[in-house]
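Pasting target_8.txt here (compact mmCIF, C-alpha atoms):
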# COMPACT_ATOMS: atom_id res chain seq x y z
CA MET A 1 -1.62 -20.68 -20.97
CA SER A 2 -0.17 -18.93 -17.92
CA GLN A 3 -2.05 -19.07 -14.64
CA PRO A 4 -3.72 -15.97 -13.23
CA GLU A 5 -1.42 -14.28 -10.73
CA SER A 6 -3.75 -15.05 -7.82
CA ARG A 7 -3.47 -18.78 -8.56
CA ARG A 8 0.27 -19.04 -9.04
CA GLU A 9 2.21 -21.00 -6.48
CA ILE A 10 3.93 -18.84 -3.85
CA ARG A 11 7.72 -18.99 -4.05
CA SER A 12 10.21 -17.40 -1.70
CA TYR A 13 12.79 -16.67 -4.37
CA VAL A 14 13.74 -16.11 -7.97
CA LEU A 15 17.04 -17.70 -8.90
CA ARG A 16 19.61 -15.45 -10.55
CA ALA A 17 22.88 -16.40 -12.16
CA THR A 18 25.54 -16.17 -9.45
CA ARG A 19 29.21 -17.02 -9.28
CA MET A 20 30.76 -19.08 -6.53
CA SER A 21 34.29 -18.71 -5.26
CA LYS A 22 36.46 -21.82 -5.01
CA LEU A 23 35.98 -21.83 -1.22
CA GLN A 24 32.21 -21.50 -1.52
CA ARG A 25 32.04 -24.25 -4.13
CA ARG A 26 34.22 -26.60 -2.09
CA SER A 27 32.36 -25.85 1.15
CA TYR A 28 29.00 -26.36 -0.52
CA ALA A 29 30.04 -29.72 -1.94
CA GLU A 30 31.92 -31.04 1.09
CA LEU A 31 30.13 -29.51 4.08
CA LEU A 32 26.47 -29.32 3.08
CA PRO A 33 26.05 -33.06 3.78
CA LYS A 34 27.45 -32.43 7.28
CA TYR A 35 25.77 -29.16 8.25
CA GLY A 36 22.82 -28.98 5.88
CA ILE A 37 19.33 -30.32 6.52
CA PRO A 38 17.88 -31.97 3.40
CA PHE A 39 14.39 -30.92 2.43
CA GLN A 40 11.85 -33.51 3.49
CA GLU A 41 8.08 -33.71 3.57
CA ARG A 42 7.91 -34.35 7.30
CA GLU A 43 8.31 -32.13 10.32
CA LEU A 44 11.67 -31.55 11.97
CA ASP A 45 12.21 -32.39 15.61
CA LEU A 46 14.07 -29.23 16.53
CA SER A 47 14.86 -30.38 20.06
CA SER A 48 16.64 -33.45 18.68
CA LEU A 49 18.34 -31.49 15.93
CA PHE A 50 19.65 -28.90 18.40
CA PRO A 51 20.01 -30.63 21.79
CA GLY A 52 20.58 -28.40 24.78
CA THR A 53 19.29 -25.20 23.14
CA GLU A 54 16.60 -23.09 24.77
CA LYS A 55 15.14 -21.18 21.82
CA SER A 56 14.66 -21.77 18.10
CA ILE A 57 14.98 -19.11 15.39
CA VAL A 58 14.50 -19.43 11.62
CA GLU A 59 16.06 -16.91 9.23
CA VAL A 60 14.55 -16.76 5.75
CA GLY A 61 16.93 -15.73 2.98
CA PHE A 62 20.17 -15.09 4.87
CA GLY A 63 22.17 -14.00 1.83
CA MET A 64 25.88 -14.43 2.59
CA GLY A 65 24.99 -15.23 6.19
CA GLU A 66 27.17 -12.78 8.08
CA VAL A 67 24.41 -11.84 10.55
CA THR A 68 23.26 -15.44 10.88
CA VAL A 69 26.74 -16.61 11.81
CA GLN A 70 27.33 -13.75 14.26
CA LEU A 71 24.05 -14.34 16.06
CA ALA A 72 24.69 -18.08 16.31
CA GLU A 73 28.17 -17.52 17.70
CA GLN A 74 26.96 -14.93 20.21
CA ASN A 75 24.00 -17.03 21.40
CA PRO A 76 25.10 -20.66 21.77
CA SER A 77 21.97 -21.60 23.71
CA THR A 78 19.73 -20.57 20.79
CA ALA A 79 19.18 -22.79 17.76
CA TYR A 80 19.35 -21.10 14.35
CA LEU A 81 17.99 -22.65 11.17
CA GLY A 82 18.81 -20.67 8.03
CA ILE A 83 16.84 -21.12 4.81
CA GLU A 84 18.51 -20.02 1.58
CA VAL A 85 18.37 -21.13 -2.06
CA HIS A 86 21.45 -19.35 -3.42
CA LYS A 87 24.47 -21.62 -3.32
CA PRO A 88 27.23 -19.00 -2.78
CA GLY A 89 25.69 -17.89 0.52
CA VAL A 90 25.07 -21.47 1.59
CA GLY A 91 28.67 -22.37 0.79
CA LYS A 92 29.93 -19.38 2.76
CA VAL A 93 27.85 -20.27 5.82
CA MET A 94 28.99 -23.90 5.63
CA SER A 95 32.61 -22.78 5.81
CA GLU A 96 31.88 -20.49 8.79
CA ILE A 97 30.00 -23.22 10.68
CA ASP A 98 32.99 -25.50 10.22
CA LEU A 99 35.58 -22.83 11.07
CA ARG A 100 33.80 -21.64 14.22
CA GLY A 101 32.50 -25.02 15.35
CA LEU A 102 28.88 -23.87 15.54
CA ASP A 103 26.65 -26.68 16.79
CA ASN A 104 23.61 -24.39 16.94
CA LEU A 105 23.41 -23.37 13.27
CA ARG A 106 22.18 -25.50 10.38
CA VAL A 107 20.95 -24.70 6.87
CA VAL A 108 18.18 -25.87 4.55
CA ASN A 109 19.06 -25.14 0.92
CA HIS A 110 15.49 -25.02 -0.36
CA ASP A 111 12.46 -22.81 -0.97
CA ALA A 112 11.27 -21.32 2.34
CA VAL A 113 7.60 -21.73 1.43
CA GLU A 114 7.97 -25.49 1.07
CA VAL A 115 10.18 -25.72 4.16
CA PHE A 116 7.58 -24.00 6.34
CA ARG A 117 4.73 -26.02 4.88
CA SER A 118 6.42 -29.39 5.31
CA MET A 119 9.20 -29.16 7.90
CA ILE A 120 8.51 -26.51 10.53
CA PRO A 121 6.01 -27.60 13.20
CA ASP A 122 3.32 -25.22 14.40
CA ALA A 123 4.16 -23.28 17.59
CA SER A 124 7.81 -24.37 17.46
CA LEU A 125 9.71 -21.11 16.87
CA ASP A 126 10.63 -18.27 19.18
CA GLY A 127 11.39 -15.99 16.25
CA ILE A 128 11.50 -15.58 12.47
CA HIS A 129 14.02 -13.23 10.84
CA LEU A 130 13.75 -11.70 7.37
CA PHE A 131 16.56 -9.20 6.95
CA PHE A 132 16.55 -7.09 3.77
CA PRO A 133 14.38 -9.24 1.50
CA ASP A 134 14.65 -8.46 -2.19
CA PRO A 135 12.47 -5.35 -2.77
CA TRP A 136 12.01 -5.98 -6.49
CA PRO A 137 11.94 -2.21 -7.08
CA LYS A 138 10.43 -2.19 -10.57
CA LYS A 139 6.65 -2.02 -10.40
CA LYS A 140 6.23 -4.86 -12.88
CA HIS A 141 8.19 -7.07 -10.48
CA HIS A 142 6.28 -6.20 -7.30
CA LYS A 143 4.34 -9.46 -7.69
CA ARG A 144 7.59 -11.27 -6.85
CA ARG A 145 7.86 -9.69 -3.42
CA LEU A 146 7.82 -12.30 -0.69
CA LEU A 147 6.25 -10.47 2.22
CA LYS A 148 2.60 -10.56 1.31
CA ALA A 149 -0.48 -11.91 3.06
CA ASP A 150 -0.22 -15.41 1.57
CA PHE A 151 3.33 -15.92 2.82
CA LEU A 152 2.54 -14.49 6.25
CA ARG A 153 -0.31 -16.96 6.62
CA ILE A 154 2.17 -19.78 5.97
CA ILE A 155 4.84 -18.74 8.47
CA ILE A 156 2.87 -17.26 11.40
CA PRO A 157 1.52 -20.61 12.66
CA ALA A 158 5.13 -21.72 13.24
CA LEU A 159 5.60 -19.09 15.96
CA LYS A 160 5.04 -19.92 19.60
CA PRO A 161 2.64 -17.65 21.52
CA GLY A 162 4.71 -14.55 22.26
CA GLY A 163 7.19 -15.39 19.48
CA TYR A 164 8.30 -12.62 17.13
CA LEU A 165 8.48 -11.81 13.44
CA TYR A 166 11.36 -9.40 12.74
CA ILE A 167 11.80 -7.77 9.33
CA CYS A 168 14.24 -5.10 8.12
CA THR A 169 14.39 -3.25 4.82
CA ASP A 170 15.92 -0.06 3.44
CA TRP A 171 13.27 0.28 0.72
CA GLU A 172 10.69 2.73 2.07
CA GLU A 173 7.80 1.83 -0.19
CA TYR A 174 8.29 -1.87 0.49
CA ALA A 175 8.52 -1.17 4.23
CA GLU A 176 5.11 0.50 4.14
CA GLU A 177 3.69 -2.44 2.20
CA ILE A 178 5.12 -4.97 4.68
CA LEU A 179 3.86 -3.02 7.69
CA ALA A 180 0.37 -2.88 6.20
CA ALA A 181 0.39 -6.60 5.40
CA CYS A 182 1.50 -7.53 8.92
CA THR A 183 -1.01 -5.17 10.51
CA ALA A 184 -3.84 -6.78 8.55
CA GLN A 185 -2.74 -10.30 9.44
CA GLU A 186 -4.65 -12.15 12.15
CA GLY A 187 -2.72 -13.74 14.99
CA ILE A 188 0.07 -11.17 15.34
CA ARG A 189 0.27 -7.68 16.82
CA ASN A 190 2.70 -4.82 16.39
CA ALA A 191 5.20 -4.49 19.23
CA TYR A 192 5.40 -0.75 18.42
CA GLN A 193 3.21 2.02 17.13
CA GLY A 194 4.26 1.80 13.51
CA PHE A 195 7.87 0.98 12.65
CA ALA A 196 10.04 -0.55 15.37
CA GLU A 197 13.09 0.89 17.05
CA ALA A 198 16.42 -0.54 15.92
CA GLN A 199 17.08 -3.72 17.88
CA ALA A 200 20.52 -3.37 19.47
CA TRP A 201 21.20 -7.11 19.38
CA ARG A 202 20.97 -7.36 15.58
CA PRO A 203 24.38 -7.06 13.86
CA ARG A 204 24.54 -4.88 10.78
CA THR A 205 25.24 -6.40 7.39
CA LYS A 206 27.80 -5.05 4.92
CA PHE A 207 24.90 -4.24 2.63
CA GLU A 208 23.28 -2.25 5.42
CA GLU A 209 26.48 -0.37 6.20
CA LYS A 210 26.73 0.70 2.57
CA GLY A 211 23.12 1.87 2.65
CA LEU A 212 23.65 3.88 5.81
CA ALA A 213 26.71 5.50 4.24
CA LYS A 214 24.40 6.66 1.46
CA GLU A 215 21.91 7.91 4.09
CA HIS A 216 19.37 5.19 3.36
CA LEU A 217 16.65 4.89 5.98
CA ILE A 218 16.51 1.47 7.61
CA ARG A 219 12.99 0.40 8.53
CA GLU A 220 12.46 -2.27 11.16
CA ILE A 221 9.20 -4.14 11.72
CA LEU A 222 8.56 -6.26 14.81
CA PHE A 223 5.36 -8.19 15.41
CA LEU A 224 4.50 -10.61 18.21
CA LYS A 225 2.41 -13.76 18.03
CA ASP A 226 -0.79 -13.49 20.07
CA THR A 227 -0.75 -15.37 23.36

Output the structure of this file as structure tokens.
Amino acid sequence: MSQPESRREIRSYVLRATRMSKLQRRSYAELLPKYGIPFQERELDLSSLFPGTEKSIVEVGFGMGEVTVQLAEQNPSTAYLGIEVHKPGVGKVMSEIDLRGLDNLRVVNHDAVEVFRSMIPDASLDGIHLFFPDPWPKKKHHKRRLLKADFLRIIIPALKPGGYLYICTDWEEYAEEILAACTAQEGIRNAYQGFAEAQAWRPRTKFEEKGLAKEHLIREILFLKDT
């Protein structure tokens, strides 16, 4: 018998069949042990993992990682921890970390819900990024959407006072749903009146560029942890 939806375990992903290029497959196999952080049921010491950095950012679901890599390269004094389950993107980011010599970017190839619950200490992060999460556009699949109250309650404690939660989507109905969920969540406040202005420091993804070419509206949501 299936569990009622309200009792099902929260998951940050649904795995789909994906192909890996030879480079991605080789990088995943050879470089993940070097640049990946294995899932563990104990908290990370971020200061030891990223010595000399001043801030710590987690990105949930970085896809192919183009923005993650750019931000890490542009901000060497900030630590970036990417969480992604899909192996092609992880393999791609591994190859970029190695190519660019990025000491401030590491990856956990695991479910973000479990990573936050077990590995990310409370009040340890300066920011959390969720760029273009899967909107699951069919109504019957809306239950799979990640950015709901239960997930927010898991990740918000990880933010330092004054830390930020930054979300972008080009799916209008999902944007409204996310904004409402964040507004209703205790412990964070909207940095804007409604949707946020585009943040100039965030690089655009190839996916985003294609959407803009089709005149898709990009919605940005920026909330701050209460001090």

List as a Markdown table every residue of stretch 46-69 of chain A that is in contact with stretch 104-119 of chain A, defined as an atom at most 10 Å from one of its atoms (using all atoms listed in the file), together with the nearest atom pair and the distance in Å rounded to one decimal, sorted by chain and then rising number.
| residue | atom | partner | partner_atom | distance |
| --- | --- | --- | --- | --- |
| A:Leu46 | CA | A:Met119 | CA | 9.9 |
| A:Leu49 | CA | A:Asn104 | CA | 8.9 |
| A:Phe50 | CA | A:Asn104 | CA | 6.2 |
| A:Pro51 | CA | A:Asn104 | CA | 8.7 |
| A:Gly52 | CA | A:Asn104 | CA | 9.3 |
| A:Thr53 | CA | A:Asn104 | CA | 7.6 |
| A:Ser56 | CA | A:Asn104 | CA | 9.4 |
| A:Ile57 | CA | A:Leu105 | CA | 9.7 |
| A:Val58 | CA | A:Val107 | CA | 9.6 |
| A:Glu59 | CA | A:Ala112 | CA | 9.5 |
| A:Val60 | CA | A:Ala112 | CA | 6.6 |
| A:Gly61 | CA | A:Ala112 | CA | 8.0 |
| A:Phe62 | CA | A:Val107 | CA | 9.8 |
| A:Thr68 | CA | A:Leu105 | CA | 8.3 |
| A:Val69 | CA | A:Leu105 | CA | 7.7 |

*Go through A:Ile156, A:Ala196, A:Lys206, A:Ala184 one by one, measure the shortest atom-to-atom distance of each to A:Met64 using all atoms listed in the file, and give the residue with the smallest value.*
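Under the stated criterion, the closest residue is A:Lys206.
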
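The two atoms in question, atom CA of A:Leu31 and atom CA of A:Val93, are spaced 9.7 Å apart.
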
Residues near A:Gln24, cut-off 12 Å, all atoms listed in the file, skip fewer than 3 positions along chain, as an mmCIF file with C-alpha atoms, keeping the file's coordinate frame:
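Saved to result22.cif:
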data_model
loop_
_atom_site.group_PDB
_atom_site.id
_atom_site.type_symbol
_atom_site.label_atom_id
_atom_site.label_comp_id
_atom_site.auth_asym_id
_atom_site.auth_seq_id
_atom_site.Cartn_x
_atom_site.Cartn_y
_atom_site.Cartn_z
ATOM 1 C CA THR A 18 25.540 -16.170 -9.450
ATOM 2 C CA ARG A 19 29.210 -17.020 -9.280
ATOM 3 C CA MET A 20 30.760 -19.080 -6.530
ATOM 4 C CA SER A 21 34.290 -18.710 -5.260
ATOM 5 C CA SER A 27 32.360 -25.850 1.150
ATOM 6 C CA TYR A 28 29.000 -26.360 -0.520
ATOM 7 C CA ALA A 29 30.040 -29.720 -1.940
ATOM 8 C CA GLU A 30 31.920 -31.040 1.090
ATOM 9 C CA LEU A 31 30.130 -29.510 4.080
ATOM 10 C CA LEU A 32 26.470 -29.320 3.080
ATOM 11 C CA MET A 64 25.880 -14.430 2.590
ATOM 12 C CA HIS A 86 21.450 -19.350 -3.420
ATOM 13 C CA LYS A 87 24.470 -21.620 -3.320
ATOM 14 C CA PRO A 88 27.230 -19.000 -2.780
ATOM 15 C CA GLY A 89 25.690 -17.890 0.520
ATOM 16 C CA VAL A 90 25.070 -21.470 1.590
ATOM 17 C CA GLY A 91 28.670 -22.370 0.790
ATOM 18 C CA LYS A 92 29.930 -19.380 2.760
ATOM 19 C CA VAL A 93 27.850 -20.270 5.820
ATOM 20 C CA MET A 94 28.990 -23.900 5.630
ATOM 21 C CA SER A 95 32.610 -22.780 5.810
ATOM 22 C CA GLU A 96 31.880 -20.490 8.790
#

*Just give me the residues with any atom within 8 Å of (0.5, -10.4, 3.1), file coordinates, counting only C-alpha atoms, written as a PyMOL selection string.*
chain A and resi 147-153+178+181-182+184-185

Kindly compute an axis-aligned box around the listed atoms of stretch 80-85 of chain A, allowing 5 Å on each side, and express its centre and edge lengths in Å to one decimal as lines of an AutoDock Vina configuration file.
center_x = 18.1
center_y = -21.3
center_z = 6.1
size_x = 12.5
size_y = 12.6
size_z = 26.4

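With all atoms listed in the file as the basis for measurement, A:Phe223 is the residue among A:Phe207, A:Phe223, A:Phe132, A:Trp201 that approaches A:Tyr164 most closely.
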
_Selected residue of minimal separation from A:Arg100 among A:Ala72, A:Ala158, A:Val85, A:Ile167, counting all atoms listed in the file_ =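 Among the listed residues, A:Ala72 lies closest to A:Arg100.
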
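Closest to A:Ala79 among A:Leu125, A:Leu179, A:Ile37, A:Leu165 is A:Leu125, based on all atoms listed in the file.
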